[in-house]
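J.: Next comes entry03.tsv, TSV, C-alpha atoms:
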chain	number	residue	atom	x	y	z
A	1089	MET	CA	148.66	155.46	-6.79
A	1090	SER	CA	146.61	152.76	-5.11
A	1091	ALA	CA	149.84	151.05	-4.00
A	1092	ALA	CA	150.97	154.27	-2.32
A	1093	VAL	CA	147.59	154.70	-0.65
A	1094	SER	CA	147.70	151.11	0.47
A	1095	ALA	CA	151.21	151.58	1.91
A	1096	LEU	CA	150.10	154.71	3.76
A	1097	LYS	CA	147.05	152.89	5.09
A	1098	LYS	CA	149.30	150.09	6.34
A	1099	LEU	CA	151.57	152.61	8.08
A	1100	ASP	CA	148.53	154.25	9.69
A	1101	ASP	CA	147.31	150.88	10.94
A	1102	GLN	CA	150.74	150.03	12.31
A	1103	LEU	CA	151.00	153.37	14.08
A	1104	ALA	CA	147.56	152.85	15.62
A	1105	LYS	CA	148.54	149.35	16.81
A	1106	ILE	CA	151.85	150.44	18.26
A	1107	THR	CA	150.22	153.46	19.94
A	1108	ASP	CA	147.72	151.08	21.54
A	1109	ALA	CA	150.54	148.78	22.64
A	1110	VAL	CA	152.43	151.68	24.24
A	1111	ALA	CA	149.22	152.88	25.90
A	1112	GLY	CA	148.78	149.38	27.35
A	1113	ILE	CA	152.34	149.41	28.67
A	1114	ARG	CA	151.71	152.82	30.25
A	1115	ARG	CA	148.58	151.52	31.96
A	1116	ARG	CA	150.72	148.73	33.44
A	1117	ILE	CA	153.24	151.32	34.65
A	1118	GLY	CA	150.37	153.23	36.28
A	1119	LYS	CA	149.20	150.07	38.06
A	1120	VAL	CA	152.70	149.39	39.39
A	1121	GLU	CA	152.93	153.02	40.57
A	1122	THR	CA	149.65	152.57	42.44
A	1123	ALA	CA	150.95	149.35	44.00
A	1124	ILE	CA	154.14	151.12	45.11
A	1125	ALA	CA	152.10	153.90	46.71
A	1126	GLU	CA	149.91	151.35	48.52
A	1127	VAL	CA	152.92	149.46	49.88
A	1128	ASP	CA	154.50	152.75	50.91
A	1129	ARG	CA	151.35	153.63	52.87
A	1130	SER	CA	151.05	150.19	54.45
A	1131	PHE	CA	150.66	149.96	58.22
A	1132	CYS	CA	153.37	148.86	60.58
A	1133	PRO	CA	152.93	145.29	61.94
A	1134	ARG	CA	149.95	144.92	64.31
A	1135	GLY	CA	152.21	144.02	67.25
A	1136	MET	CA	154.08	147.30	66.82
A	1137	ALA	CA	150.81	149.23	66.78
A	1138	VAL	CA	149.69	147.49	69.98
A	1139	ASN	CA	153.05	148.24	71.65
A	1140	ARG	CA	152.65	151.89	70.66
A	1141	LEU	CA	149.14	151.90	72.13
A	1142	ASP	CA	150.40	150.46	75.43
A	1143	ALA	CA	153.22	152.99	75.58
A	1144	TRP	CA	150.73	155.77	74.96
A	1145	LEU	CA	148.36	154.46	77.63
A	1146	ASP	CA	151.31	154.38	80.08
A	1147	LEU	CA	152.06	157.99	79.21
A	1148	CYS	CA	148.42	158.98	79.73
A	1149	ALA	CA	148.32	157.25	83.10
A	1150	ALA	CA	151.51	159.01	84.17
A	1151	ARG	CA	150.05	162.37	83.21
A	1152	SER	CA	147.08	161.88	85.46
A	1153	GLN	CA	149.49	162.65	88.33
A	1154	ASP	CA	150.00	166.16	86.95
A	1155	LEU	CA	146.86	167.60	88.45
A	1156	ALA	CA	147.70	169.17	91.79
A	1157	LEU	CA	145.00	168.60	94.35
A	1158	GLY	CA	146.07	171.56	96.45
A	1159	ASP	CA	143.60	174.00	94.92
A	1160	LEU	CA	140.75	171.53	95.12
A	1161	LEU	CA	141.38	171.24	98.83
A	1162	SER	CA	141.84	174.91	99.57
A	1163	GLY	CA	139.38	176.72	101.82
A	1164	GLU	CA	137.04	179.49	100.73
A	1165	GLY	CA	139.39	182.09	102.13
A	1166	GLN	CA	142.06	181.18	99.61
A	1167	SER	CA	139.94	180.65	96.44
A	1168	GLY	CA	137.26	183.21	97.14
A	1169	GLY	CA	134.65	180.48	96.82
A	1170	GLN	CA	135.36	180.12	93.07
A	1171	PHE	CA	136.16	176.48	92.33
A	1172	PHE	CA	135.72	176.39	88.55
A	1173	ASN	CA	139.29	177.57	87.98
A	1174	VAL	CA	140.72	174.53	89.67
A	1175	LEU	CA	138.86	172.02	87.51
A	1176	PRO	CA	141.11	169.63	85.53
A	1177	SER	CA	142.38	171.17	82.32
A	1178	SER	CA	140.86	169.88	79.07
A	1179	ASP	CA	143.72	167.50	78.27
A	1180	LEU	CA	143.57	165.77	81.64
A	1181	PRO	CA	140.23	163.90	81.60
A	1182	PHE	CA	141.57	161.27	79.19
A	1183	PRO	CA	144.59	160.45	81.37
A	1184	PHE	CA	142.22	160.10	84.31
A	1185	LEU	CA	139.97	157.87	82.23
A	1186	VAL	CA	142.96	155.66	81.39
A	1187	THR	CA	143.95	155.51	85.05
A	1188	CYS	CA	140.47	154.53	86.14
A	1189	CYS	CA	139.57	152.05	83.38
A	1190	ARG	CA	142.65	151.33	81.28
A	1191	ASP	CA	141.53	147.82	80.23
A	1192	GLN	CA	138.23	149.06	78.82
A	1193	VAL	CA	139.89	151.93	76.96
A	1194	ARG	CA	142.54	149.55	75.60
A	1195	ALA	CA	139.90	147.04	74.46
A	1196	VAL	CA	138.01	149.74	72.53
A	1197	LEU	CA	141.18	150.92	70.79
A	1198	ILE	CA	142.38	147.36	70.06
A	1199	LYS	CA	139.03	146.73	68.39
A	1200	ARG	CA	139.57	149.77	66.16
A	1201	ILE	CA	143.13	148.69	65.38
A	1202	ASP	CA	141.91	145.24	64.36
A	1203	ALA	CA	139.22	146.76	62.15
A	1204	ALA	CA	141.88	148.85	60.40
A	1205	TYR	CA	144.16	145.81	59.90
A	1206	ALA	CA	141.26	143.81	58.48
A	1207	LYS	CA	141.15	146.28	55.58
A	1208	ARG	CA	144.89	146.73	55.09
A	1209	PRO	CA	147.69	144.41	56.24
A	1210	GLY	CA	150.77	145.60	58.08
A	1211	MET	CA	154.39	145.19	56.99
A	1212	THR	CA	157.73	145.42	58.71
A	1213	ALA	CA	160.08	148.13	57.47
A	1214	ASP	CA	162.27	145.47	55.82
A	1215	ASP	CA	159.31	143.81	54.11
A	1216	ARG	CA	158.10	147.20	52.90
A	1217	ARG	CA	161.51	148.12	51.53
A	1218	GLN	CA	161.88	144.77	49.78
A	1219	ALA	CA	158.37	144.93	48.31
A	1220	ILE	CA	158.98	148.45	46.98
A	1221	GLU	CA	162.35	147.43	45.50
A	1222	LYS	CA	160.70	144.49	43.77
A	1223	LEU	CA	157.93	146.67	42.36
A	1224	LYS	CA	160.43	149.27	41.19
A	1225	GLY	CA	162.36	146.53	39.41
A	1226	GLU	CA	159.13	145.41	37.77
A	1227	ARG	CA	158.40	148.99	36.72
A	1228	LEU	CA	161.87	149.33	35.19
A	1229	ASP	CA	161.34	146.12	33.21
A	1230	ILE	CA	158.09	147.52	31.84
A	1231	GLU	CA	159.81	150.81	31.04
A	1232	PHE	CA	162.45	148.93	29.07
A	1233	ALA	CA	159.66	147.26	27.11
A	1234	GLU	CA	158.10	150.67	26.45
A	1235	GLU	CA	161.40	152.22	25.39
A	1236	SER	CA	162.18	149.26	23.16
A	1237	LEU	CA	158.84	149.68	21.39
A	1238	ILE	CA	159.31	153.43	21.00
A	1239	ARG	CA	162.75	152.92	19.44
A	1240	ALA	CA	161.42	150.23	17.10
A	1241	ALA	CA	158.73	152.69	16.01
A	1242	GLU	CA	161.37	155.40	15.49
A	1243	ARG	CA	163.40	153.07	13.29
A	1244	ALA	CA	160.25	152.58	11.21
A	1245	GLY	CA	159.86	156.36	10.87
A	1246	MET	CA	157.11	156.79	13.45
A	1247	THR	CA	157.25	159.16	16.40
A	1248	ILE	CA	155.79	158.27	19.78
A	1249	ALA	CA	156.31	160.87	22.51
A	1250	ARG	CA	158.04	159.61	25.64
A	1251	ARG	CA	156.62	160.30	29.09
A	1252	ALA	CA	158.07	163.23	31.03
A	1253	ASP	CA	158.69	160.90	33.98
A	1254	ALA	CA	160.24	158.07	31.95
A	1255	ASP	CA	163.13	156.38	33.74
A	1256	PRO	CA	166.43	157.78	32.40
A	1257	ARG	CA	168.01	154.32	32.72
A	1258	ALA	CA	165.62	153.05	30.06
A	1259	VAL	CA	165.65	156.18	27.91
A	1260	LEU	CA	169.47	156.40	27.91
A	1261	ALA	CA	170.07	152.64	27.62
A	1262	ALA	CA	172.55	151.72	24.90
A	1263	GLU	CA	171.11	149.98	21.85
A	1264	ASP	CA	172.83	146.73	22.83
A	1265	GLU	CA	171.79	146.86	26.51
A	1266	PRO	CA	170.46	143.32	27.15
A	1267	ARG	CA	167.49	144.53	29.20
A	1268	LEU	CA	166.42	146.68	26.28
A	1269	VAL	CA	166.99	143.99	23.67
A	1270	ASN	CA	165.15	141.36	25.73
A	1271	ALA	CA	162.59	143.76	27.20
A	1272	GLY	CA	159.44	142.13	28.55
A	1273	GLY	CA	161.06	138.69	28.58
A	1274	GLY	CA	161.32	138.77	24.80
A	1275	LYS	CA	157.65	139.56	24.37
A	1276	HIS	CA	158.51	142.96	23.05
A	1277	SER	CA	160.49	141.44	20.20
A	1278	ASP	CA	157.46	139.43	19.17
A	1279	LEU	CA	155.32	142.54	19.44
A	1280	ALA	CA	157.68	144.58	17.27
A	1281	ALA	CA	157.81	141.76	14.73
A	1282	ASP	CA	154.01	141.76	14.63
A	1283	PHE	CA	154.14	145.37	13.54
A	1284	ASP	CA	156.95	144.81	11.00
A	1285	LEU	CA	159.02	147.20	13.03
A	1286	LEU	CA	162.18	145.19	13.36
A	1287	ASP	CA	165.07	146.10	11.11
B	1308	MET	CA	172.59	145.24	38.15
B	1309	THR	CA	174.61	147.34	35.74
B	1310	ILE	CA	172.78	148.99	32.87
B	1311	LYS	CA	174.75	149.98	29.81
B	1312	LEU	CA	174.01	153.65	29.10
B	1313	ASP	CA	174.76	155.75	26.07
B	1314	SER	CA	174.76	159.52	26.54
B	1315	SER	CA	174.37	160.07	22.80
B	1316	ARG	CA	170.75	159.02	23.35
B	1317	LEU	CA	170.35	162.57	24.63
B	1318	TRP	CA	170.62	163.75	21.04
B	1319	ALA	CA	167.41	161.93	20.20
B	1320	LEU	CA	165.71	163.59	23.16
B	1321	ASP	CA	167.11	166.96	22.14
B	1322	ALA	CA	165.80	166.43	18.61
B	1323	ALA	CA	162.36	165.58	20.00
B	1324	ARG	CA	162.45	168.73	22.11
B	1325	LYS	CA	163.34	170.83	19.09
B	1326	ARG	CA	160.64	169.22	16.96
B	1327	ALA	CA	158.12	170.00	19.68
B	1328	ASN	CA	159.35	173.58	19.88
B	1329	LEU	CA	159.05	173.98	16.12
B	1330	ALA	CA	155.51	172.60	16.16
B	1331	LEU	CA	154.64	174.95	18.99
B	1332	ARG	CA	155.90	177.95	17.02
B	1333	GLU	CA	154.10	176.85	13.87
B	1334	TYR	CA	150.80	176.40	15.67
B	1335	GLY	CA	151.36	179.71	17.45
B	1336	GLY	CA	151.87	181.49	14.11
B	1337	ALA	CA	148.85	179.79	12.54
B	1338	GLN	CA	146.74	180.69	15.58
B	1339	ALA	CA	147.75	184.36	15.35
B	1340	LYS	CA	146.87	184.45	11.64
B	1341	LEU	CA	143.50	182.82	12.21
B	1342	ALA	CA	142.72	185.12	15.14
B	1343	GLU	CA	143.45	188.08	12.87
B	1344	ARG	CA	141.22	186.61	10.17
B	1345	VAL	CA	138.38	186.19	12.68
B	1346	ARG	CA	138.77	189.81	13.79
B	1347	ARG	CA	138.76	191.02	10.17
B	1348	LEU	CA	135.64	189.00	9.29
B	1349	GLU	CA	133.89	190.26	12.43
B	1350	GLY	CA	134.63	193.80	11.29
B	1351	GLU	CA	133.42	193.13	7.75
B	1352	LEU	CA	130.27	191.46	9.02
B	1353	GLY	CA	129.51	194.34	11.36
B	1354	GLY	CA	129.96	196.80	8.47
B	1355	ALA	CA	127.80	194.74	6.12
B	1356	GLU	CA	125.01	194.40	8.71
B	1357	HIS	CA	125.10	198.15	9.23
B	1358	GLN	CA	124.92	198.74	5.49
B	1359	LEU	CA	122.04	196.28	5.15
B	1360	ARG	CA	119.92	198.22	7.61
B	1361	GLY	CA	120.24	201.38	5.46
B	1362	GLN	CA	119.51	199.81	2.04
B	1363	PRO	CA	116.33	200.41	0.05
B	1364	HIS	CA	114.09	197.37	-0.44
B	1365	GLN	CA	115.30	196.53	-3.97
B	1366	ASP	CA	118.97	196.46	-2.92
B	1367	ARG	CA	118.48	194.35	0.20
B	1368	PRO	CA	118.77	190.83	-1.35
B	1369	ALA	CA	122.34	191.48	-2.50
B	1370	TRP	CA	123.35	192.78	0.94
B	1371	GLU	CA	121.55	189.94	2.68
B	1372	ALA	CA	123.48	187.47	0.56
B	1373	ARG	CA	126.75	189.20	1.49
B	1374	VAL	CA	125.89	189.18	5.20
B	1375	ASP	CA	124.96	185.51	4.97
B	1376	ASP	CA	128.22	184.70	3.20
B	1377	LEU	CA	130.25	186.62	5.79
B	1378	ARG	CA	128.47	184.84	8.64
B	1379	LYS	CA	129.32	181.45	7.13
B	1380	ARG	CA	132.95	182.43	6.58
B	1381	LEU	CA	133.21	183.78	10.12
B	1382	SER	CA	131.71	180.61	11.54
B	1383	ARG	CA	134.24	178.47	9.60
B	1384	ALA	CA	137.12	180.72	10.70
B	1385	ARG	CA	136.02	180.47	14.34
B	1386	ASP	CA	135.88	176.66	14.07
B	1387	ASP	CA	139.35	176.64	12.51
B	1388	LEU	CA	140.64	178.88	15.28
B	1389	ALA	CA	139.20	176.59	17.96
B	1390	GLY	CA	140.87	173.63	16.28
B	1391	ILE	CA	144.23	175.39	16.05
B	1392	ARG	CA	143.97	176.50	19.68
B	1393	ALA	CA	143.50	172.87	20.72
B	1394	GLU	CA	146.48	171.81	18.60
B	1395	HIS	CA	148.55	174.66	20.02
B	1396	ALA	CA	147.70	173.59	23.58
B	1397	LYS	CA	148.64	170.00	22.71
B	1398	ALA	CA	151.92	171.15	21.16
B	1399	HIS	CA	152.62	173.19	24.29
B	1400	ASP	CA	152.12	170.11	26.48
B	1401	GLU	CA	154.35	168.02	24.21
B	1402	PHE	CA	157.06	170.68	24.34
B	1403	GLN	CA	156.88	170.76	28.14
B	1404	VAL	CA	157.10	166.96	28.34
B	1405	ALA	CA	160.01	166.75	25.89
B	1406	GLY	CA	161.88	169.56	27.67
B	1407	SER	CA	161.33	168.08	31.11
B	1408	LEU	CA	162.44	164.62	30.00
B	1409	TYR	CA	165.57	166.01	28.35
B	1410	GLN	CA	166.52	167.92	31.51
B	1411	ARG	CA	165.96	164.92	33.77
B	1412	CYS	CA	167.96	162.62	31.53
B	1413	ALA	CA	170.80	165.14	31.12
B	1414	GLU	CA	170.99	165.52	34.92
B	1415	PHE	CA	170.95	161.76	35.33
B	1416	ALA	CA	173.70	161.35	32.72
B	1417	LYS	CA	175.86	163.96	34.50
B	1418	HIS	CA	175.42	162.23	37.85
B	1419	ALA	CA	176.21	158.90	36.23
B	1420	GLY	CA	179.49	160.41	35.02
B	1421	LEU	CA	178.56	160.21	31.35
B	1422	HIS	CA	179.69	162.75	28.81
B	1423	VAL	CA	176.76	165.03	28.12
B	1424	PRO	CA	176.73	166.50	24.62
B	1425	GLU	CA	176.76	170.28	24.36
B	1426	GLU	CA	173.37	171.85	23.68
B	1427	SER	CA	173.18	173.17	20.17
Translate the structure of the given file into structure tokens.
T.:
Amino acid sequence: MSAAVSALKKLDDQLAKITDAVAGIRRRIGKVETAIAEVDRSFCPRGMAVNRLDAWLDLCAARSQDLALGDLLSGEGQSGGQFFNVLPSSDLPFPFLVTCCRDQVRAVLIKRIDAAYAKRPGMTADDRRQAIEKLKGERLDIEFAEESLIRAAERAGMTIARRADADPRAVLAAEDEPRLVNAGGGKHSDLAADFDLLD
Amino acid sequence: MTIKLDSSRLWALDAARKRANLALREYGGAQAKLAERVRRLEGELGGAEHQLRGQPHQDRPAWEARVDDLRKRLSRARDDLAGIRAEHAKAHDEFQVAGSLYQRCAEFAKHAGLHVPEES
């Protein structure tokens, strides 16, 4: 009887350890997900932002020509003495501001751009794509380690629920898929051996 | 990089989905039984409390003991019901997760050109 109790206790301990190990792997997956989201939200390179600013300032300056002066110049006979209806429309003051003091406006906005880049660096589209690909590869490696551990637990008669968003490439990987067998650079194998989970 | 896939892995996912469904049904059945038990005990307790109020002094201790016993049993049944409700909610989540994963993997297998086993 005590041998059976002891065996059950050992199984319980192993299940607790393997559950902790899987939880640790899932925390790593969460961190990689966060990193992917951060890279995805990264700014464009600073030079591109400055070019966009200059293009926008050019557009603003061009729009300042839109206000017709005719009504401002008209005599009382034509406007009935009411001049408020010929004031610049609400979207025109900024273009006029840019026309009158473009350098000052640009300096203020450049300062804000630099403050934003001090907190978060910019990336080119290629760099962003490459960084995301690299992180996704890292995530898949971790998912292989997770799947490998779950299958080792299953072989030992334990059930660990998979995540709903687990990568199908890991979940459907054949038993002899090298990335599954060598998951985590072989660390997983050591981990499974620690838990007596290897066949 | 090519990854060697095996569509028969879907069977393991299907089995997990069915296990989760079974657990969900079992907890659902147990929850219904416990809810019924709570309702019955509430009725019995209400009746006993009513009876107690109409008893002569010498008969009150026996009825008080019965009311006390019913209150304790009702309290235990309510605790059990709360526990089963939590387990039922957990089983529901597990069933959703297992079902969602199976569907995603089956879709992936189809797009990858793998043979997808028939659902049983």
J.: What residues have an atom no more than 12 Å from (151.4, 180.8, 15.5) in the file's own frame, counting all atoms listed in the file, and can you write them as a ChimeraX atom specification?
T.: /B:1328-1343,1388,1391-1392,1394-1396,1398-1399
J.: Tell me, as an MDAnalysis selection string, which residues lie within 12 Å of Leu1352 of chain B, counting all atoms listed in the file; anything in the same chain fewer than 5 positions away does not count.
T.: chainID B and resid 1345:1347 1357:1359 1370:1382
J.: Set out as a tab-separated table a contact list for chain A and chain B with a cut-off of 6 Å, giving each residue of chain A that qualifies its closest atom pair and distance in Å to one decimal, counting all atoms listed in the file, ordered by chain and rising residue number.
T.:
residue	atom	partner	partner_atom	distance
A:Ala1252	CA	B:Leu1408	CA	4.7
A:Pro1256	CA	B:Cys1412	CA	5.2
A:Leu1260	CA	B:Arg1316	CA	5.4
A:Ala1261	CA	B:Leu1312	CA	4.3
A:Ala1262	CA	B:Asp1313	CA	4.7
A:Glu1265	CA	B:Lys1311	CA	5.4
J.: Write out as a PyMOL selection string each polymer residue whose atoms come within 9 Å of Asp1142 of chain A, counting all atoms listed in the file; drop sequence neighbours fewer than 5 positions from it.
T.: chain A and resi 1137+1147+1194
J.: Quick one: everything within 9 Å of Ala1149 of chain A, counting all atoms listed in the file, minus sequence neighbours fewer than 6 positions away in the same chain. Send it as a list in words.
T.: Phe1182, Pro1183, Phe1184, Leu1185, Val1186, Thr1187, Cys1188 and Arg1190 of chain A
J.: Using atom CA of Arg1239 of chain A and atom CA of Asp1108 of chain A as the two end points, give the distance in Å to one decimal.
T.: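 Distance reported for this atom pair: 15.3 Å.
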J.: Looking at A:Val1269, A:Ala1258, A:Ala1195, A:Ala1249, which one is nearest to Lys1397 of chain B, with distances taken over all atoms listed in the file?
T.: A:Ala1249
J.: Quick check, in Å to one decimal: how far apart do atom CA of Arg1140 of chain A and atom CA of Arg1216 of chain A lie?
T.: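 If I compute the distance from atom CA of Arg1140 of chain A to atom CA of Arg1216 of chain A, I get 19.2 Å.
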J.: Report, in Å to a single decimal, how far apart atom CA of Gly1118 of chain A and atom CA of Leu1268 of chain A are.
T.: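 Interatomic distance here is 20.0 Å.
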J.: With 3 Å of padding per side, what axis-aligned box (centre and edge lengths, Å, one decimal) covers all the listed atoms of segment 1328-1339 of chain B? Give it as JSON.
T.:
{"center_x": 153.0, "center_y": 178.5, "center_z": 16.2, "size_x": 18.6, "size_y": 17.8, "size_z": 13.3}
J.: What would the list of residues within 8 Å of (159.8, 146.0, 29.9) (file frame) look like as number ranges by chain, if only C-alpha atoms are what count?
T.: A: 1226-1236, 1267-1268, 1271-1273, 1276
J.: Calculated over all atoms listed in the file, which of the candidates A:Asp1202, A:Asp1214, A:Gly1225, A:Thr1122 has the smallest distance to Arg1257 of chain A?
T.: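 Smallest distance to Arg1257 of chain A is found for A:Gly1225.
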J.: Could you add N, CA, C and O atoms to segment 1220-1239 of chain A and give me the result as a short mmCIF file (atom, residue, chain, number, x, y, z; two decimals), in the frame of the given file?
T.:
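Output (selection30.cif):
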data_model
loop_
_atom_site.label_atom_id
_atom_site.label_comp_id
_atom_site.auth_asym_id
_atom_site.auth_seq_id
_atom_site.Cartn_x
_atom_site.Cartn_y
_atom_site.Cartn_z
N ILE A 1220 158.88 147.27 47.85
CA ILE A 1220 158.98 148.45 46.98
C ILE A 1220 160.12 148.25 45.97
O ILE A 1220 159.96 148.58 44.78
N GLU A 1221 161.23 147.69 46.43
CA GLU A 1221 162.35 147.43 45.50
C GLU A 1221 161.91 146.49 44.38
O GLU A 1221 162.24 146.70 43.22
N LYS A 1222 161.16 145.46 44.77
CA LYS A 1222 160.70 144.49 43.77
C LYS A 1222 159.78 145.16 42.75
O LYS A 1222 159.91 144.96 41.54
N LEU A 1223 158.86 145.98 43.26
CA LEU A 1223 157.93 146.67 42.36
C LEU A 1223 158.66 147.66 41.45
O LEU A 1223 158.33 147.81 40.28
N LYS A 1224 159.67 148.33 42.01
CA LYS A 1224 160.43 149.27 41.19
C LYS A 1224 161.19 148.54 40.09
O LYS A 1224 161.32 149.03 38.97
N GLY A 1225 161.69 147.35 40.42
CA GLY A 1225 162.36 146.53 39.41
C GLY A 1225 161.39 146.13 38.31
O GLY A 1225 161.72 146.16 37.11
N GLU A 1226 160.16 145.79 38.74
CA GLU A 1226 159.13 145.41 37.77
C GLU A 1226 158.80 146.60 36.86
O GLU A 1226 158.67 146.47 35.66
N ARG A 1227 158.70 147.79 37.50
CA ARG A 1227 158.40 148.99 36.72
C ARG A 1227 159.51 149.26 35.70
O ARG A 1227 159.23 149.61 34.55
N LEU A 1228 160.76 149.08 36.12
CA LEU A 1228 161.87 149.33 35.19
C LEU A 1228 161.82 148.36 34.02
O LEU A 1228 162.06 148.75 32.87
N ASP A 1229 161.48 147.10 34.30
CA ASP A 1229 161.34 146.12 33.21
C ASP A 1229 160.29 146.58 32.20
O ASP A 1229 160.49 146.50 30.99
N ILE A 1230 159.17 147.05 32.73
CA ILE A 1230 158.09 147.52 31.84
C ILE A 1230 158.56 148.74 31.06
O ILE A 1230 158.25 148.91 29.88
N GLU A 1231 159.32 149.62 31.74
CA GLU A 1231 159.81 150.81 31.04
C GLU A 1231 160.78 150.45 29.93
O GLU A 1231 160.83 151.12 28.89
N PHE A 1232 161.56 149.39 30.15
CA PHE A 1232 162.45 148.93 29.07
C PHE A 1232 161.63 148.44 27.89
O PHE A 1232 161.98 148.68 26.73
N ALA A 1233 160.53 147.75 28.18
CA ALA A 1233 159.66 147.26 27.11
C ALA A 1233 159.07 148.45 26.33
O ALA A 1233 159.01 148.44 25.10
N GLU A 1234 158.66 149.47 27.08
CA GLU A 1234 158.10 150.67 26.45
C GLU A 1234 159.15 151.36 25.57
O GLU A 1234 158.89 151.69 24.41
N GLU A 1235 160.35 151.54 26.12
CA GLU A 1235 161.40 152.22 25.39
C GLU A 1235 161.78 151.43 24.13
O GLU A 1235 162.01 152.01 23.06
N SER A 1236 161.82 150.12 24.29
CA SER A 1236 162.18 149.26 23.16
C SER A 1236 161.17 149.43 22.02
O SER A 1236 161.55 149.51 20.84
N LEU A 1237 159.91 149.51 22.39
CA LEU A 1237 158.84 149.68 21.39
C LEU A 1237 158.93 151.06 20.73
O LEU A 1237 158.77 151.20 19.52
N ILE A 1238 159.20 152.07 21.55
CA ILE A 1238 159.31 153.43 21.00
C ILE A 1238 160.48 153.51 20.01
O ILE A 1238 160.36 154.11 18.93
N ARG A 1239 161.59 152.86 20.35
CA ARG A 1239 162.75 152.92 19.44
C ARG A 1239 162.48 152.13 18.15
O ARG A 1239 162.89 152.52 17.07
#
